[in-house]
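Visitor: Structure: start_24.txt, compact mmCIF, C-alpha atoms.
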```txt
# COMPACT_ATOMS: atom_id res chain seq x y z
CA MET A 722 0.00 0.00 0.00
CA LYS A 723 2.86 2.20 0.61
CA PHE A 724 3.79 1.78 -3.03
CA SER A 725 0.29 2.77 -4.17
CA LEU A 726 0.41 5.97 -2.15
CA ILE A 727 3.72 6.92 -3.64
CA ALA A 728 2.48 6.07 -7.11
CA ALA A 729 -0.73 8.04 -6.54
CA ALA A 730 1.28 11.04 -5.31
CA ALA A 731 3.53 10.88 -8.35
CA VAL A 732 0.61 10.69 -10.75
CA SER A 733 -1.04 13.63 -8.97
CA ALA A 734 2.15 15.69 -9.25
CA PHE A 735 2.39 14.95 -12.96
CA ALA A 736 -1.25 15.82 -13.47
CA LEU A 737 -0.85 19.13 -11.65
CA ALA A 738 2.29 19.93 -13.61
CA ALA A 739 0.47 19.23 -16.85
CA CYS A 740 -2.32 21.63 -15.93
CA ALA A 741 -0.05 24.44 -14.73
CA PRO A 742 0.36 27.36 -17.10
CA THR A 743 3.64 27.26 -18.97
CA GLU A 744 5.77 30.12 -20.07
CA THR A 745 5.76 30.47 -23.86
CA THR A 746 7.60 32.74 -26.21
CA PRO A 747 5.55 34.45 -28.84
CA ALA A 748 5.81 32.70 -32.16
CA GLU A 749 7.55 34.60 -34.92
CA PRO A 750 5.19 35.51 -37.72
CA ALA A 751 5.41 33.19 -40.65
CA ALA A 752 7.52 34.58 -43.45
CA VAL A 753 5.43 35.71 -46.35
CA GLU A 754 7.07 35.35 -49.72
CA GLU A 755 6.42 38.35 -51.84
CA ALA A 756 6.69 37.90 -55.56
CA VAL A 757 9.43 40.18 -56.83
CA THR A 758 8.95 41.13 -60.41
CA GLU A 759 11.96 42.13 -62.43
CA PRO A 760 11.54 45.38 -64.29
CA VAL A 761 11.00 44.90 -67.97
CA VAL A 762 13.98 46.22 -69.86
CA GLU A 763 13.59 46.71 -73.54
CA GLU A 764 16.73 45.91 -75.44
CA VAL A 765 17.67 48.77 -77.65
CA ALA A 766 19.50 47.86 -80.81
CA PRO A 767 22.86 49.59 -80.90
CA ALA A 768 23.18 52.40 -83.37
CA PRO A 769 25.12 51.42 -86.44
CA THR A 770 28.80 52.10 -85.94
CA THR A 771 30.27 52.63 -89.34
CA ILE A 772 33.95 52.89 -90.08
CA VAL A 773 33.60 56.68 -89.88
CA ASP A 774 31.83 56.45 -86.49
CA VAL A 775 34.51 54.13 -85.08
CA ALA A 776 37.32 56.36 -86.35
CA ALA A 777 35.63 59.54 -85.06
CA ALA A 778 35.26 57.97 -81.60
CA ASN A 779 38.99 57.24 -81.37
CA PRO A 780 41.19 60.28 -80.63
CA ASP A 781 44.15 58.58 -82.36
CA PHE A 782 42.32 59.00 -85.68
CA SER A 783 41.40 62.70 -85.46
CA THR A 784 43.76 63.63 -88.31
CA LEU A 785 42.44 60.80 -90.47
CA VAL A 786 38.84 61.87 -89.81
CA ALA A 787 39.67 65.49 -90.70
CA ALA A 788 41.36 64.31 -93.92
CA VAL A 789 38.40 62.05 -94.83
CA GLN A 790 36.04 64.99 -94.35
CA ALA A 791 38.28 67.36 -96.34
CA ALA A 792 38.40 64.83 -99.20
CA GLY A 793 34.61 64.43 -99.17
CA LEU A 794 34.83 60.71 -98.38
CA ALA A 795 32.96 60.60 -95.05
CA GLU A 796 29.62 59.73 -96.64
CA THR A 797 31.19 57.00 -98.79
CA LEU A 798 33.00 55.39 -95.84
CA ALA A 799 29.81 55.57 -93.80
CA GLY A 800 28.00 53.75 -96.61
CA GLU A 801 26.99 50.13 -96.91
CA GLY A 802 30.42 48.70 -97.75
CA PRO A 803 31.89 46.43 -96.68
CA PHE A 804 35.27 48.14 -96.63
CA THR A 805 38.65 47.37 -95.16
CA VAL A 806 40.48 50.50 -94.09
CA PHE A 807 44.18 50.62 -93.29
CA ALA A 808 43.95 53.58 -90.92
CA PRO A 809 47.02 55.69 -90.17
CA THR A 810 47.18 57.19 -86.68
CA ASN A 811 47.84 60.83 -85.86
CA GLU A 812 51.49 59.88 -85.27
CA ALA A 813 51.67 58.42 -88.78
CA PHE A 814 50.38 61.68 -90.26
CA ALA A 815 52.79 63.67 -88.08
CA ALA A 816 55.69 61.65 -89.55
CA LEU A 817 54.98 62.99 -93.07
CA PRO A 818 57.47 65.56 -94.31
CA ALA A 819 56.82 69.04 -92.90
CA GLY A 820 53.99 70.85 -94.67
CA THR A 821 52.71 67.76 -96.53
CA LEU A 822 49.52 67.33 -94.53
CA ASP A 823 48.73 71.04 -94.52
CA SER A 824 49.15 71.11 -98.29
CA LEU A 825 46.96 68.04 -98.79
CA LEU A 826 44.16 69.56 -96.71
CA LEU A 827 43.92 72.61 -98.99
CA PRO A 828 40.74 72.66 -101.15
CA GLU A 829 42.77 72.72 -104.38
CA ASN A 830 44.38 69.38 -103.39
CA LYS A 831 41.11 67.59 -102.61
CA ASP A 832 41.52 65.11 -105.49
CA LYS A 833 45.09 64.25 -104.52
CA LEU A 834 44.01 63.76 -100.89
CA ALA A 835 41.09 61.56 -101.98
CA LYS A 836 43.47 59.40 -104.05
CA ILE A 837 45.81 58.96 -101.08
CA LEU A 838 42.97 58.10 -98.72
CA THR A 839 41.26 55.67 -101.10
CA TYR A 840 44.67 53.98 -101.46
CA HIS A 841 44.09 52.98 -97.80
CA VAL A 842 40.72 51.33 -98.59
CA VAL A 843 39.99 47.87 -99.97
CA ALA A 844 36.51 46.84 -101.12
CA GLY A 845 35.28 43.95 -98.98
CA LYS A 846 35.97 42.88 -95.42
CA VAL A 847 39.49 41.50 -95.04
CA MET A 848 40.22 40.24 -91.54
CA ALA A 849 43.78 39.70 -90.30
CA ALA A 850 43.31 35.93 -90.53
CA ASP A 851 42.63 36.39 -94.26
CA LEU A 852 45.93 38.12 -95.00
CA PRO A 853 48.20 36.09 -97.28
CA ALA A 854 51.74 35.09 -96.40
CA ALA A 855 54.43 37.40 -97.77
CA ASP A 856 55.78 34.70 -100.05
CA ALA A 857 52.37 34.29 -101.72
CA GLY A 858 52.97 37.47 -103.72
CA VAL A 859 49.30 38.45 -103.75
CA ALA A 860 48.44 42.04 -104.73
CA THR A 861 45.46 43.63 -103.01
CA PRO A 862 43.52 46.10 -105.18
CA THR A 863 42.44 49.32 -103.46
CA VAL A 864 39.47 51.58 -104.11
CA ALA A 865 41.96 54.03 -105.67
CA GLY A 866 42.59 51.46 -108.42
CA LEU A 867 46.14 50.75 -107.26
CA ASP A 868 47.47 47.61 -105.61
CA LEU A 869 48.75 47.27 -102.07
CA SER A 870 51.09 44.59 -100.81
CA VAL A 871 49.12 43.41 -97.81
CA ARG A 872 50.70 40.38 -96.19
CA VAL A 873 51.97 38.57 -93.14
CA GLU A 874 55.76 38.41 -92.92
CA ALA A 875 57.60 35.25 -91.86
CA ASP A 876 58.03 36.71 -88.36
CA GLY A 877 54.23 37.12 -88.05
CA THR A 878 54.18 40.89 -88.58
CA ALA A 879 51.22 42.06 -90.68
CA LYS A 880 52.11 44.73 -93.23
CA ALA A 881 50.46 46.98 -95.78
CA ASN A 882 53.27 48.03 -98.13
CA GLU A 883 55.91 49.21 -95.63
CA ALA A 884 53.41 50.14 -92.89
CA THR A 885 53.04 47.80 -89.94
CA ILE A 886 49.55 46.84 -88.85
CA THR A 887 49.70 47.67 -85.13
CA THR A 888 46.10 46.77 -84.27
CA ALA A 889 43.98 44.51 -86.45
CA ASP A 890 40.32 43.66 -86.81
CA ILE A 891 38.51 46.66 -85.34
CA GLU A 892 35.07 45.77 -86.60
CA ALA A 893 32.44 48.23 -87.76
CA SER A 894 28.96 47.68 -89.13
CA ASN A 895 30.23 48.23 -92.67
CA GLY A 896 33.67 46.67 -92.54
CA VAL A 897 36.89 46.52 -90.59
CA ILE A 898 39.75 48.82 -89.62
CA HIS A 899 43.40 47.84 -89.33
CA VAL A 900 45.54 50.48 -87.60
CA ILE A 901 48.84 51.24 -89.38
CA ASP A 902 51.86 53.23 -88.32
CA THR A 903 52.62 54.91 -91.66
CA VAL A 904 50.62 56.90 -94.19
CA LEU A 905 50.54 54.96 -97.46
CA LEU A 906 51.51 57.17 -100.39
CA PRO A 907 50.78 55.82 -103.84
CA LYS A 908 53.61 56.06 -106.33
CA GLU A 909 52.99 58.85 -108.81
```
Any chance you could put this one into structure tokens?

Guide:
Amino acid sequence: MKFSLIAAAAVSAFALAACAPTETTPAEPAAVEEAVTEPVVEEVAPAPTTIVDVAAANPDFSTLVAAVQAAGLAETLAGEGPFTVFAPTNEAFAALPAGTLDSLLLPENKDKLAKILTYHVVAGKVMAADLPAADAGVATPTVAGLDLSVRVEADGTAKANEATITTADIEASNGVIHVIDTVLLPKE
């Protein structure tokens, strides 16, 4: 009987404990997922970047751009093409004999300037990978009606006549530009 009293007391204690108020922590509110919508961004097609646009955007070609405008060739080189332009830098123009550039930019020398500039232009898009090896002996006709010797030397240097192509394959919407370090002067 002693055991029953102890058992009864234990059961009573458990029953009382079960009925006693318990301390609770407030429940955190359930996370609500909000649908995040991404803003709709309309893709705008880039404006056409013609050879003239690319050259005009590069400060190293400011002399070339001025010469193209003085020769009346800007509209042509902004046309459909495709064209490959061997583009001399400002440094290349500065290396011409003193007074040469100033003389070429005069209105009375517009035709001569146009001939020199079109000697830097090939009809079609010629990428650097398309340049023939020097030993192939291939002549490249220019828009001026004269041939250039455009090639890759045995040492891997790309050349246009005696000018070195310092940067190749600058693409434009109507062709490609290869930067050269010398102004190409056609033989008279």

Visitor: One decimal, in Å: what's the spacing between CA of Leu798 in chain A and CA of Ala854 in chain A?

Guide: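 Taking CA of Leu798 in chain A as the start and CA of Ala854 in chain A as the end point, the length is 27.6 Å.
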
Visitor: Just how far from CA of Met848 in chain A is CA of Glu883 in chain A, in Å to one decimal?

Guide: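 That distance, rounded to one decimal, is 18.5 Å.
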
Visitor: Restricting the calculation to only C-alpha atoms, which member of A:Ile891, A:Ala879, A:Ala795, A:Val900 is positioned closest to Pro809 in chain A?

Guide: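 For Pro809 in chain A, the nearest of the candidates is A:Val900.
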
Visitor: To one decimal in Å, tell me the separation between CA of Leu838 in chain A and CA of Pro907 in chain A.

Guide: 9.6 Å

Visitor: Using all atoms listed in the file, which residues sit within 9 Å of Val873 in chain A once same-chain residues fewer than 2 positions away are excluded, as a PyMOL selection string?

Guide: chain A and resi 849+852-856+871+875-881

Visitor: Of the candidates A:Pro862, A:Val806, A:Asn811, A:Asp890, which shows the shortest atom-to-atom distance to Ala850 in chain A, using all atoms listed in the file?

Guide: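 Smallest distance to Ala850 in chain A is found for A:Asp890.
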
Visitor: I'd like to know which of A:Leu817, A:Ile772, A:Gly858, A:Thr863 is closest to Pro803 in chain A, using all atoms listed in the file.

Guide: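 Using all atoms listed in the file, the shortest distance to Pro803 in chain A belongs to A:Ile772.
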
Visitor: So that I can see what lies close to range 780-789 of chain A, please list as number ranges by chain the residues with an atom at most 12 Å from it, counting only C-alpha atoms and leaving out residues fewer than 4 positions away in the same chain.

Guide: A: 772-776, 793-799, 806-815, 822-828, 830-839, 841-842, 898-904

Visitor: Take every atom of range 792-804 of chain A listed in the file, pad by 8 Å on each side, and give me the axis-aligned box centre and edge lengths in Å, one decimal, as JSON.

Guide:
```
{"center_x": 32.7, "center_y": 55.6, "center_z": -96.5, "size_x": 27.4, "size_y": 34.4, "size_z": 21.4}
```

Visitor: Restricting the calculation to only C-alpha atoms: of A:Thr887, A:Thr861, A:Thr821, A:Thr770, which residue gets closest to Gly800 in chain A?

Guide: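 For Gly800 in chain A, the nearest of the given residues is A:Thr770.
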
Visitor: Between A:Thr771, A:Ala860, A:Tyr840, A:Ala777, which one has atoms that come closest to Asn895 in chain A, using only C-alpha atoms?

Guide: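 Result for the nearest residue to Asn895 in chain A: A:Thr771.
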
Visitor: Hey, which of A:Gly820, A:Ser894, A:Arg872, A:Ala884 ends up closest to Asp851 in chain A? Count all atoms listed in the file.

Guide: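 Smallest distance to Asp851 in chain A is found for A:Arg872.
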
Visitor: Mind completing range 857-875 of chain A with N, CA and C atoms? Output as an mmCIF file, in the frame of the given file, please?

Guide:
```cif
data_model
loop_
_atom_site.group_PDB
_atom_site.id
_atom_site.type_symbol
_atom_site.label_atom_id
_atom_site.label_comp_id
_atom_site.auth_asym_id
_atom_site.auth_seq_id
_atom_site.Cartn_x
_atom_site.Cartn_y
_atom_site.Cartn_z
ATOM 1 N N ALA A 857 53.442 34.595 -100.771
ATOM 2 C CA ALA A 857 52.370 34.290 -101.720
ATOM 3 C C ALA A 857 52.359 35.277 -102.876
ATOM 4 N N GLY A 858 52.891 36.482 -102.655
ATOM 5 C CA GLY A 858 52.970 37.470 -103.720
ATOM 6 C C GLY A 858 51.633 37.949 -104.244
ATOM 7 N N VAL A 859 50.643 38.037 -103.351
ATOM 8 C CA VAL A 859 49.300 38.450 -103.750
ATOM 9 C C VAL A 859 49.175 39.968 -103.663
ATOM 10 N N ALA A 860 48.693 40.597 -104.725
ATOM 11 C CA ALA A 860 48.440 42.040 -104.730
ATOM 12 C C ALA A 860 46.995 42.270 -104.291
ATOM 13 N N THR A 861 46.788 43.305 -103.498
ATOM 14 C CA THR A 861 45.460 43.630 -103.010
ATOM 15 C C THR A 861 45.004 44.933 -103.659
ATOM 16 N N PRO A 862 43.975 44.873 -104.519
ATOM 17 C CA PRO A 862 43.520 46.100 -105.180
ATOM 18 C C PRO A 862 42.800 47.030 -104.196
ATOM 19 N N THR A 863 43.074 48.323 -104.312
ATOM 20 C CA THR A 863 42.440 49.320 -103.460
ATOM 21 C C THR A 863 41.327 50.027 -104.229
ATOM 22 N N VAL A 864 40.541 50.793 -103.507
ATOM 23 C CA VAL A 864 39.470 51.580 -104.110
ATOM 24 C C VAL A 864 40.063 52.634 -105.058
ATOM 25 N N ALA A 865 41.302 53.038 -104.813
ATOM 26 C CA ALA A 865 41.960 54.030 -105.670
ATOM 27 C C ALA A 865 42.361 53.423 -107.024
ATOM 28 N N GLY A 866 42.225 52.106 -107.168
ATOM 29 C CA GLY A 866 42.590 51.460 -108.420
ATOM 30 C C GLY A 866 44.057 51.041 -108.465
ATOM 31 N N LEU A 867 44.734 51.150 -107.362
ATOM 32 C CA LEU A 867 46.140 50.750 -107.260
ATOM 33 C C LEU A 867 46.248 49.568 -106.309
ATOM 34 N N ASP A 868 47.290 48.789 -106.452
ATOM 35 C CA ASP A 868 47.470 47.610 -105.610
ATOM 36 C C ASP A 868 48.324 47.921 -104.381
ATOM 37 N N LEU A 869 47.966 47.257 -103.299
ATOM 38 C CA LEU A 869 48.750 47.270 -102.070
ATOM 39 C C LEU A 869 49.398 45.902 -101.907
ATOM 40 N N SER A 870 50.499 45.862 -101.199
ATOM 41 C CA SER A 870 51.090 44.590 -100.810
ATOM 42 C C SER A 870 50.713 44.366 -99.347
ATOM 43 N N VAL A 871 49.602 43.701 -99.152
ATOM 44 C CA VAL A 871 49.120 43.410 -97.810
ATOM 45 C C VAL A 871 49.465 41.957 -97.531
ATOM 46 N N ARG A 872 50.176 41.726 -96.416
ATOM 47 C CA ARG A 872 50.700 40.380 -96.190
ATOM 48 C C ARG A 872 51.092 40.183 -94.740
ATOM 49 N N VAL A 873 51.405 38.921 -94.432
ATOM 50 C CA VAL A 873 51.970 38.570 -93.140
ATOM 51 C C VAL A 873 53.390 38.081 -93.392
ATOM 52 N N GLU A 874 54.346 38.759 -92.769
ATOM 53 C CA GLU A 874 55.760 38.410 -92.920
ATOM 54 C C GLU A 874 56.049 37.093 -92.196
ATOM 55 N N ALA A 875 57.206 36.517 -92.486
ATOM 56 C CA ALA A 875 57.600 35.250 -91.860
ATOM 57 C C ALA A 875 57.654 35.350 -90.340
#
```
